[in-house]
Structure formats: C-alpha cells, structure tokens
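S.K.: Contents are compact mmCIF, C-alpha atoms and all ligand atoms; file name entry16.txt:
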# COMPACT_ATOMS: atom_id res chain seq x y z
CA MET J 1 4.09 -29.10 -5.09
CA THR J 2 4.39 -26.22 -7.55
CA ARG J 3 6.36 -23.29 -6.31
CA ARG J 4 4.65 -19.98 -5.87
CA PRO J 5 6.15 -17.33 -8.21
CA ILE J 6 6.96 -14.09 -6.40
CA ILE J 7 8.47 -10.71 -7.19
CA ILE J 8 10.12 -8.86 -4.31
CA ASP J 9 9.84 -5.06 -4.41
CA THR J 10 12.22 -3.72 -1.81
CA ASP J 11 14.41 -0.94 -0.39
CA PRO J 12 17.22 -2.74 1.50
CA GLY J 13 17.66 -1.83 4.37
CA ILE J 14 18.46 -4.41 7.01
CA ASP J 15 15.11 -6.10 7.49
CA ASP J 16 14.60 -6.14 3.71
CA ALA J 17 17.88 -8.03 3.52
CA VAL J 18 16.62 -10.65 5.99
CA ALA J 19 13.34 -10.92 4.06
CA ILE J 20 15.15 -11.53 0.76
CA LEU J 21 17.33 -14.19 2.39
CA LEU J 22 14.28 -15.93 3.84
CA ALA J 23 12.65 -15.96 0.39
CA LEU J 24 15.79 -17.31 -1.26
CA ALA J 25 15.99 -20.01 1.42
CA ALA J 26 12.44 -21.19 0.69
CA THR J 27 13.32 -22.93 -2.56
CA GLU J 28 10.65 -25.60 -2.11
CA GLU J 29 7.77 -23.15 -1.81
CA LEU J 30 8.82 -19.96 -3.60
CA GLU J 31 10.26 -19.08 -6.98
CA VAL J 32 11.82 -15.61 -6.86
CA LEU J 33 11.30 -14.24 -10.37
CA GLY J 34 13.15 -11.03 -9.63
CA VAL J 35 14.00 -8.38 -7.09
CA VAL J 36 13.02 -4.79 -7.86
CA ALA J 37 14.59 -1.98 -5.86
CA VAL J 38 12.81 1.22 -4.94
CA ALA J 39 13.94 4.38 -3.16
CA GLY J 40 12.94 4.34 0.51
CA ASN J 41 15.17 3.44 3.44
CA LEU J 42 18.02 4.65 1.27
CA PRO J 43 18.37 6.29 -2.15
CA LEU J 44 17.81 3.97 -5.13
CA ARG J 45 21.47 3.56 -6.08
CA GLN J 46 22.10 2.08 -2.62
CA THR J 47 18.95 -0.05 -2.41
CA GLU J 48 19.60 -1.71 -5.78
CA ARG J 49 23.22 -2.33 -4.83
CA ASN J 50 22.27 -3.73 -1.44
CA ALA J 51 19.71 -6.01 -3.13
CA ARG J 52 22.51 -7.44 -5.29
CA ARG J 53 24.77 -7.82 -2.25
CA VAL J 54 22.09 -9.82 -0.44
CA CYS J 55 21.66 -12.16 -3.43
CA GLU J 56 25.44 -12.53 -3.51
CA LEU J 57 25.53 -13.45 0.19
CA ALA J 58 22.93 -16.15 -0.48
CA GLY J 59 24.97 -17.49 -3.40
CA ARG J 60 22.12 -16.53 -5.74
CA GLY J 61 23.72 -14.29 -8.34
CA ASP J 62 21.22 -15.83 -10.78
CA VAL J 63 18.33 -13.83 -9.33
CA PRO J 64 17.79 -10.79 -11.57
CA VAL J 65 17.83 -7.43 -9.79
CA TYR J 66 16.25 -4.32 -11.29
CA ALA J 67 16.17 -0.65 -10.32
CA GLY J 68 12.71 0.88 -10.21
CA CYS J 69 11.67 4.38 -9.23
CA GLY J 70 14.17 6.77 -7.68
CA ARG J 71 11.64 8.95 -5.88
CA PRO J 72 8.02 8.96 -4.73
CA MET J 73 5.21 10.14 -7.02
CA LEU J 74 4.49 13.57 -5.57
CA ARG J 75 6.50 14.03 -2.43
CA PRO J 76 10.26 14.50 -2.23
CA LEU J 77 12.14 11.40 -1.07
CA ALA J 78 12.57 11.18 2.69
CA THR J 79 14.90 8.27 3.52
CA ALA J 80 15.23 6.58 6.89
CA GLU J 81 18.99 7.00 7.11
CA HIS J 82 18.78 9.54 9.90
CA ILE J 83 15.97 7.75 11.76
CA HIS J 84 16.99 4.13 11.72
CA GLY J 85 20.71 4.46 11.24
CA GLU J 86 20.25 2.61 7.95
CA ALA J 87 23.14 4.65 6.61
CA ALA J 88 25.10 1.86 8.18
CA ALA J 89 23.77 -0.23 5.31
CA ASP J 90 26.92 1.00 3.57
CA ARG J 91 28.84 -0.83 6.21
CA LEU J 92 26.56 -3.86 5.94
CA LEU J 93 28.56 -6.97 6.35
CA LEU J 94 27.61 -8.01 2.86
CA PRO J 95 29.86 -9.08 0.00
CA GLU J 96 30.48 -6.93 -3.04
CA PRO J 97 28.04 -7.88 -5.80
CA THR J 98 29.40 -9.71 -8.83
CA VAL J 99 26.05 -9.64 -10.61
CA THR J 100 25.32 -6.49 -12.54
CA LEU J 101 22.08 -4.60 -12.35
CA ARG J 102 19.67 -5.50 -15.16
CA THR J 103 19.28 -2.67 -17.64
CA GLN J 104 15.49 -2.98 -17.89
CA HIS J 105 13.61 -0.55 -15.66
CA GLY J 106 12.06 -2.24 -12.63
CA VAL J 107 8.55 -1.04 -13.46
CA ASP J 108 8.88 -2.45 -16.99
CA PHE J 109 10.04 -5.76 -15.52
CA LEU J 110 6.98 -5.83 -13.25
CA ILE J 111 4.65 -5.14 -16.15
CA GLU J 112 6.32 -7.52 -18.59
CA THR J 113 6.44 -10.38 -16.09
CA MET J 114 2.84 -9.97 -15.01
CA LEU J 115 1.46 -9.63 -18.54
CA ALA J 116 3.30 -12.80 -19.55
CA ALA J 117 1.70 -14.70 -16.64
CA GLU J 118 -1.64 -16.44 -16.32
CA PRO J 119 -4.38 -14.56 -14.44
CA ARG J 120 -3.95 -14.45 -10.64
CA THR J 121 -0.61 -16.24 -10.54
CA ILE J 122 2.03 -13.73 -9.46
CA THR J 123 2.51 -12.81 -5.82
CA VAL J 124 4.09 -9.42 -5.25
CA CYS J 125 5.90 -8.82 -1.96
CA ALA J 126 6.01 -5.11 -1.18
CA LEU J 127 8.74 -4.38 1.37
CA GLY J 128 9.21 -0.66 0.71
CA PRO J 129 7.26 2.37 -0.49
CA LEU J 130 4.68 1.34 -3.11
CA THR J 131 5.94 3.61 -5.90
CA ASN J 132 7.00 0.88 -8.39
CA ILE J 133 3.83 -1.13 -7.92
CA ALA J 134 1.57 1.91 -8.30
CA MET J 135 3.49 2.95 -11.42
CA ALA J 136 3.02 -0.50 -12.95
CA LEU J 137 -0.72 -0.39 -12.17
CA VAL J 138 -1.05 3.07 -13.72
CA GLN J 139 1.03 2.29 -16.79
CA ALA J 140 -0.66 -1.09 -17.42
CA PRO J 141 -3.87 -1.46 -15.37
CA GLU J 142 -4.40 -4.96 -16.78
CA THR J 143 -1.49 -6.15 -14.60
CA ALA J 144 -3.91 -6.03 -11.64
CA GLY J 145 -5.64 -9.14 -12.96
CA ARG J 146 -2.40 -11.13 -13.01
CA ILE J 147 -1.65 -10.65 -9.34
CA ARG J 148 -2.64 -13.56 -7.13
CA GLU J 149 -1.87 -11.62 -3.98
CA LEU J 150 -0.05 -8.45 -3.05
CA VAL J 151 1.46 -8.72 0.42
CA ILE J 152 2.45 -5.37 1.85
CA MET J 153 4.54 -4.55 4.89
CA GLY J 154 3.17 -1.17 5.81
CA GLY J 155 0.79 0.90 7.84
CA ALA J 156 -0.56 0.64 11.33
CA CYS J 157 -3.97 -0.04 12.82
CA PHE J 158 -4.19 0.05 16.64
CA GLU J 159 -0.50 0.92 16.78
CA LEU J 160 0.49 4.47 16.00
CA GLY J 161 2.95 5.53 13.32
CA ASN J 162 6.70 5.06 13.51
CA VAL J 163 7.82 8.00 11.38
CA THR J 164 5.11 10.49 12.32
CA PRO J 165 2.54 10.07 15.11
CA ALA J 166 0.05 8.82 12.51
CA ALA J 167 2.05 7.17 9.71
CA GLU J 168 4.24 4.15 9.19
CA PHE J 169 7.40 4.74 7.12
CA ASN J 170 6.64 2.80 3.89
CA ILE J 171 3.23 4.41 3.46
CA HIS J 172 4.40 7.84 4.56
CA VAL J 173 7.22 7.95 1.99
CA ASP J 174 4.75 7.60 -0.89
CA PRO J 175 1.14 7.87 0.34
CA HIS J 176 -0.14 8.63 -3.17
CA ALA J 177 1.27 5.38 -4.50
CA ALA J 178 -0.25 3.53 -1.54
CA ALA J 179 -3.64 5.13 -2.25
CA ILE J 180 -3.50 3.91 -5.87
CA VAL J 181 -2.52 0.40 -4.81
CA VAL J 182 -5.18 -0.19 -2.14
CA ASP J 183 -7.93 0.88 -4.52
CA CYS J 184 -7.00 -1.26 -7.52
CA GLY J 185 -9.05 -4.37 -6.71
CA ILE J 186 -6.09 -6.74 -6.17
CA PRO J 187 -6.32 -9.29 -3.33
CA ILE J 188 -4.19 -7.47 -0.75
CA THR J 189 -2.76 -8.64 2.55
CA ILE J 190 -1.30 -5.94 4.77
CA ILE J 191 1.13 -6.68 7.58
CA PRO J 192 1.21 -3.48 9.64
CA LEU J 193 3.26 -2.47 12.66
CA ASP J 194 0.66 -4.15 14.91
CA ALA J 195 1.95 -7.54 13.72
CA THR J 196 5.61 -6.73 13.04
CA HIS J 197 6.13 -5.22 16.50
CA ARG J 198 5.41 -8.68 17.93
CA VAL J 199 8.42 -10.31 16.26
CA LEU J 200 11.20 -8.73 18.28
CA THR J 201 14.79 -9.90 18.36
CA THR J 202 16.07 -11.20 21.68
CA PRO J 203 19.63 -12.22 22.62
CA ALA J 204 18.55 -15.90 22.50
CA ARG J 205 17.02 -15.52 19.02
CA LEU J 206 20.16 -13.80 17.71
CA ASP J 207 22.33 -16.50 19.33
CA ALA J 208 20.36 -19.16 17.46
CA LEU J 209 21.07 -17.42 14.14
CA ARG J 210 24.73 -16.94 15.06
CA ALA J 211 25.03 -20.63 15.89
CA LEU J 212 23.85 -21.79 12.45
CA GLY J 213 27.43 -22.35 11.37
CA ASN J 214 26.92 -21.13 7.80
CA ARG J 215 27.72 -17.72 6.30
CA CYS J 216 24.22 -16.23 6.26
CA GLY J 217 23.10 -16.96 9.85
CA PRO J 218 25.99 -15.20 11.62
CA THR J 219 25.85 -12.32 9.09
CA VAL J 220 22.17 -11.73 9.84
CA ALA J 221 22.86 -11.92 13.59
CA ALA J 222 25.67 -9.37 13.21
CA LEU J 223 23.50 -6.99 11.18
CA LEU J 224 20.68 -7.17 13.69
CA SER J 225 22.99 -6.85 16.71
CA ALA J 226 24.67 -3.76 15.29
CA PHE J 227 21.27 -2.25 14.66
CA GLU J 228 20.04 -3.16 18.12
CA LYS J 229 23.00 -1.50 19.80
CA ARG J 230 22.35 1.75 17.93
CA ARG J 231 18.67 1.54 18.67
CA ARG J 232 19.16 0.93 22.35
CA ARG J 233 21.49 3.91 22.50
CA ASN J 234 18.98 6.09 20.63
CA PHE J 235 15.65 4.88 21.98
CA GLY J 236 16.45 2.63 24.92
CA SER J 237 14.20 -0.02 23.44
CA ARG J 238 13.66 -3.75 23.70
CA GLY J 239 14.55 -5.84 20.62
CA ARG J 240 14.33 -4.95 16.98
CA ALA J 241 11.12 -5.68 15.06
CA LEU J 242 11.75 -7.68 11.89
CA HIS J 243 9.12 -5.95 9.77
CA ASP J 244 9.78 -7.05 6.18
CA PRO J 245 10.56 -10.74 6.81
CA CYS J 246 6.97 -11.05 8.10
CA VAL J 247 5.80 -10.79 4.47
CA ILE J 248 7.80 -13.85 3.44
CA ALA J 249 6.96 -15.71 6.66
CA TYR J 250 3.28 -15.08 5.90
CA LEU J 251 3.66 -16.74 2.48
CA LEU J 252 5.34 -19.75 4.06
CA ARG J 253 3.22 -20.04 7.22
CA PRO J 254 0.06 -17.92 6.93
CA ARG J 255 -1.21 -19.23 10.25
CA LEU J 256 1.53 -17.37 12.09
CA PHE J 257 -0.58 -14.26 11.47
CA LYS J 258 -4.15 -13.35 12.34
CA GLY J 259 -6.31 -10.49 11.20
CA ARG J 260 -9.50 -9.61 9.41
CA GLU J 261 -10.90 -8.27 6.14
CA VAL J 262 -11.24 -4.52 6.40
CA ASN J 263 -11.36 -1.37 4.34
CA VAL J 264 -8.09 0.53 4.37
CA ALA J 265 -7.84 4.06 3.00
CA ILE J 266 -4.73 6.22 2.84
CA GLU J 267 -4.61 9.85 3.99
CA THR J 268 -3.01 11.94 1.25
CA GLN J 269 -4.17 15.46 2.17
CA SER J 270 -3.64 16.32 5.79
CA PRO J 271 -0.23 17.69 6.80
CA LEU J 272 -0.94 16.36 10.30
CA THR J 273 -1.74 12.74 9.39
CA MET J 274 -0.24 12.36 5.89
CA GLY J 275 0.29 8.69 5.06
CA MET J 276 -1.97 7.37 7.80
CA THR J 277 -3.60 4.00 7.08
CA VAL J 278 -7.23 4.64 8.00
CA VAL J 279 -8.53 1.19 8.93
CA ASP J 280 -12.28 0.63 9.22
CA TRP J 281 -11.87 -2.12 11.83
CA TRP J 282 -15.47 -2.02 13.02
CA GLY J 283 -17.06 -1.58 9.58
CA VAL J 284 -18.56 1.78 10.44
CA THR J 285 -18.04 3.49 7.07
CA GLY J 286 -19.92 1.12 4.79
CA ARG J 287 -16.83 1.01 2.55
CA THR J 288 -16.17 -2.41 1.02
CA PRO J 289 -13.25 -4.34 2.56
CA ASN J 290 -10.22 -4.11 0.25
CA ALA J 291 -7.51 -5.83 2.30
CA ARG J 292 -6.82 -8.54 4.81
CA LEU J 293 -5.04 -6.78 7.65
CA MET J 294 -2.95 -8.85 10.06
CA THR J 295 -2.80 -7.53 13.59
CA THR J 296 -1.02 -10.32 15.45
CA ALA J 297 1.94 -12.59 14.81
CA ASP J 298 3.34 -15.69 16.52
CA ALA J 299 6.87 -14.56 17.38
CA SER J 300 8.23 -17.97 18.44
CA GLY J 301 6.85 -19.60 15.30
CA PHE J 302 8.33 -16.79 13.21
CA TYR J 303 11.85 -17.11 14.66
CA ASN J 304 11.78 -20.91 14.46
CA LEU J 305 10.90 -20.64 10.78
CA LEU J 306 13.50 -17.93 10.10
CA THR J 307 16.29 -19.81 11.85
CA GLU J 308 15.46 -23.15 10.27
CA ARG J 309 15.29 -21.64 6.78
CA LEU J 310 18.37 -19.42 7.00
CA GLY J 311 20.22 -22.58 8.06
CA ARG J 312 19.63 -23.93 4.52
CA LEU J 313 21.59 -21.08 2.92
CA PRO J 314 25.37 -21.09 2.39
CA CA R 1 11.80 -2.17 3.54
Could you render the structure from this file as structure tokens?

M.R.:
Amino acid sequence: MTRRPIIIDTDPGIDDAVAILLALAATEELEVLGVVAVAGNLPLRQTERNARRVCELAGRGDVPVYAGCGRPMLRPLATAEHIHGEAAADRLLLPEPTVTLRTQHGVDFLIETMLAAEPRTITVCALGPLTNIAMALVQAPETAGRIRELVIMGGACFELGNVTPAAEFNIHVDPHAAAIVVDCGIPITIIPLDATHRVLTTPARLDALRALGNRCGPTVAALLSAFEKRRRRNFGSRGRALHDPCVIAYLLRPRLFKGREVNVAIETQSPLTMGMTVVDWWGVTGRTPNARLMTTADASGFYNLLTERLGRLP
C-alpha cells in the first residue's frame, strides 16, 4: 500500500498535539511531509515551538517544521489563551525541541511541495485558522490542482459557535482566509463541531491512554486531564472534545464519520455573525456543493483507533 502524503497545518494547542501524534503513529498509511505552524490558539512563536516539541515527544525530529503566518489576513489575531486555558501549553508536558525550525517560510514550503507533486496527490490537514493555506492559494493558485483533499477542522452546522454564538474558533480567527479556501474548487472535507463534540474524553478513555506504558500515551492523558480539570472548573462540562485529531482519524478510518455534500459559505461582513459557516444543508440556495461536511462521529471507534495507534509511539 502506498502511503498518503500529508501536510499538517496547525496551531498547537493541546488537541493539535494529539492530532500530530496520531498522524506520526500512522506510519503505514500516512507520510507526513511537513508540519506548518500558524498563529491561532497561541501566537506563532509558541505554535511553531510546540509543533517541534510534539515531534520530539514522538521521537520524530526528522519531520520538518515550518513557521507560516503570524497573524490573520485582515483581522487582528485573537488567540484562545484566555478562553481555553491554552496558555498552559507553555507548561505542556512536552520535551524541549532539539530540532530547529526550518528557515523557509511555511507558505513557501506549502507552495513548493505542492508544485513539485503530481496533480491531486497531496492531502492538507488544516487544524488551525486557514491563513497559510489561503495565502498559498492566493500566491500560487495552481497549487489548488495538486491537492487531493483538504480536510478542515472548523465551523459548525446544527451546533452553534464556540467562540461567538455563531462562529467556531478556527474560522472566526481568520474568516477571510476561510472564505478564500472554501471557494477555490479543491475537494474539501469539513469536520465541524457537530462531529467533534461527539468524541468526548471520559475517565475510562483517559485511563486507557495512561495504561499504554509508553511515553506518549501517559503524556497525552496528562495533557487532557489537566485541560479537563480547568474546563470543569470554568464551565462545569462533561469531557473534552478532541477536535483536531478527528481530521487524522478521518484519513485513517473515514467510516467513523458521516455527513453530506453541501455548500458552505463564510460570513465575513456581519459584526454579529462574523466567521459563521453558513451551511446549505437542505439545498435551498441553489449554490453548488463545495464541501463534504461531517456531522456525526463514532466516538468508541475514534478512541479505539487513537489508543491503539498512540500505543505504537515511543
Ligand atoms: Ca488547532
């Protein structure tokens, strides 16, 4: 079986970290060509550093890490540090990176890698705001034809927003980039909050990760437990939704997710609903479907896959 070449565009962030680990654990199916950091959950200097720390944890210092854009296209950067307690990423239980950041700009890496590839071969995993990907598509529109699939964690359909009443965080941070990306004719799969809110941590699921007996399993359990404690204190909620790892799980086991082909448009004007993913679920607008939007996920299947795969890492 030939491995599927992927590029991970990311803003780690705790669930980004888990997603990167899952991708690095899937050596039979996926070839991680590079990790490109973007500003989002945290400022760029922290997301690129955290990306290198995650690769270090997985014993994969060979994976090249690049820094992309340090702010959204039009709007000022609004990070999630104050909302999600991701500031604790600084205290992430991750090793210091020994690999240095690549000097090439992340957007240039995206463009160069895609233009060197055959048509429709590269899969791009978008785990943060879509700034880097939109920049690549604007700078070199011919890259669109090299993308086999762009899988985005972002948006919401029947669920409401998680950062404003209408908008999900990744889209809200850079709605203009998202608007460019959804209209570029690439085969797009979107995994919105509707699906990611189904894959909640539970004490038993965290115990299974903790019991893996390697370095990565207990580290992931500790990261998620620390987060869950803060969250319960702040919001009194049930478990933590593992948003970004759904993108990698979808590549490995697409049948864990179900959805339909729809038209998705991004609100970029209204102060009230800025960054809303406007999903034409019932086909009432006549607009051509531009994305496959997943609205459900099989949580047990997801956690079985995650636990089994993380068990293959150091
Ligand atoms: Ca993310």

S.K.: How would you write, as a ChimeraX atom specification, the set of residues no farther than 8 Å from ligand CA 1 (chain R) when counting only C-alpha atoms and all ligand atoms?

M.R.: /J:10-16,40-41,127-129,153,170,243-244

S.K.: How would the residues just picked look written out with C-alpha atoms as a PDB file, in the frame of the given file?

M.R.:
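Final file, out_20.pdb:
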ATOM      1  CA  THR J  10      12.220  -3.720  -1.810  1.00  0.00           C
ATOM      2  CA  ASP J  11      14.410  -0.940  -0.390  1.00  0.00           C
ATOM      3  CA  PRO J  12      17.220  -2.740   1.500  1.00  0.00           C
ATOM      4  CA  GLY J  13      17.660  -1.830   4.370  1.00  0.00           C
ATOM      5  CA  ILE J  14      18.460  -4.410   7.010  1.00  0.00           C
ATOM      6  CA  ASP J  15      15.110  -6.100   7.490  1.00  0.00           C
ATOM      7  CA  ASP J  16      14.600  -6.140   3.710  1.00  0.00           C
ATOM      8  CA  GLY J  40      12.940   4.340   0.510  1.00  0.00           C
ATOM      9  CA  ASN J  41      15.170   3.440   3.440  1.00  0.00           C
ATOM     10  CA  LEU J 127       8.740  -4.380   1.370  1.00  0.00           C
ATOM     11  CA  GLY J 128       9.210  -0.660   0.710  1.00  0.00           C
ATOM     12  CA  PRO J 129       7.260   2.370  -0.490  1.00  0.00           C
ATOM     13  CA  MET J 153       4.540  -4.550   4.890  1.00  0.00           C
ATOM     14  CA  ASN J 170       6.640   2.800   3.890  1.00  0.00           C
ATOM     15  CA  HIS J 243       9.120  -5.950   9.770  1.00  0.00           C
ATOM     16  CA  ASP J 244       9.780  -7.050   6.180  1.00  0.00           C
TER      17      ASP J 244
END

S.K.: Give me, as a Markdown table, the closest atom pair and its distance (Å, one decimal) for every residue of region 123-169 of chain J within a cut-off of 10 Å of region 278-290 of chain J, counting all atoms listed in the file, rows sorted by chain and rising number.

M.R.:
| residue | atom | partner | partner_atom | distance |
| --- | --- | --- | --- | --- |
| J:Gly155 | CA | J:Val278 | CA | 8.9 |
| J:Ala156 | CA | J:Val279 | CA | 8.3 |
| J:Cys157 | CA | J:Val279 | CA | 6.1 |
| J:Phe158 | CA | J:Val279 | CA | 8.9 |
| J:Ala166 | CA | J:Val278 | CA | 9.5 |
| J:Ala167 | CA | J:Val278 | CA | 9.8 |

S.K.: Taking into account all atoms listed in the file, which residue in the set J:Tyr303, J:Ser270, J:His105, J:Gly61 is nearest to Thr202 (chain J)?

M.R.: J:Tyr303

S.K.: Skip region 311-313 of chain J itself and residues of its chain fewer than 5 positions away, then list as a VMD selection string all residues within 7 Å of it, counting only C-alpha atoms.

M.R.: chain J and resid 25 58 212 214 216 to 217

S.K.: Could you save the residues just selected, with C-alpha atoms, as an mmCIF file, in the coordinates of the input?

M.R.:
data_model
loop_
_atom_site.group_PDB
_atom_site.id
_atom_site.type_symbol
_atom_site.label_atom_id
_atom_site.label_comp_id
_atom_site.auth_asym_id
_atom_site.auth_seq_id
_atom_site.Cartn_x
_atom_site.Cartn_y
_atom_site.Cartn_z
ATOM 1 C CA ALA J 25 15.990 -20.010 1.420
ATOM 2 C CA ALA J 58 22.930 -16.150 -0.480
ATOM 3 C CA LEU J 212 23.850 -21.790 12.450
ATOM 4 C CA ASN J 214 26.920 -21.130 7.800
ATOM 5 C CA CYS J 216 24.220 -16.230 6.260
ATOM 6 C CA GLY J 217 23.100 -16.960 9.850
#

S.K.: Using all atoms listed in the file, which residues sit within 8 Å of Asn132 (chain J) once same-chain residues fewer than 5 positions away are excluded, as a list in words?

M.R.: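 Here the qualifying residues turn out to be Asp9, Val38, Gly68, Cys69, Gly106 and Val107 of chain J.
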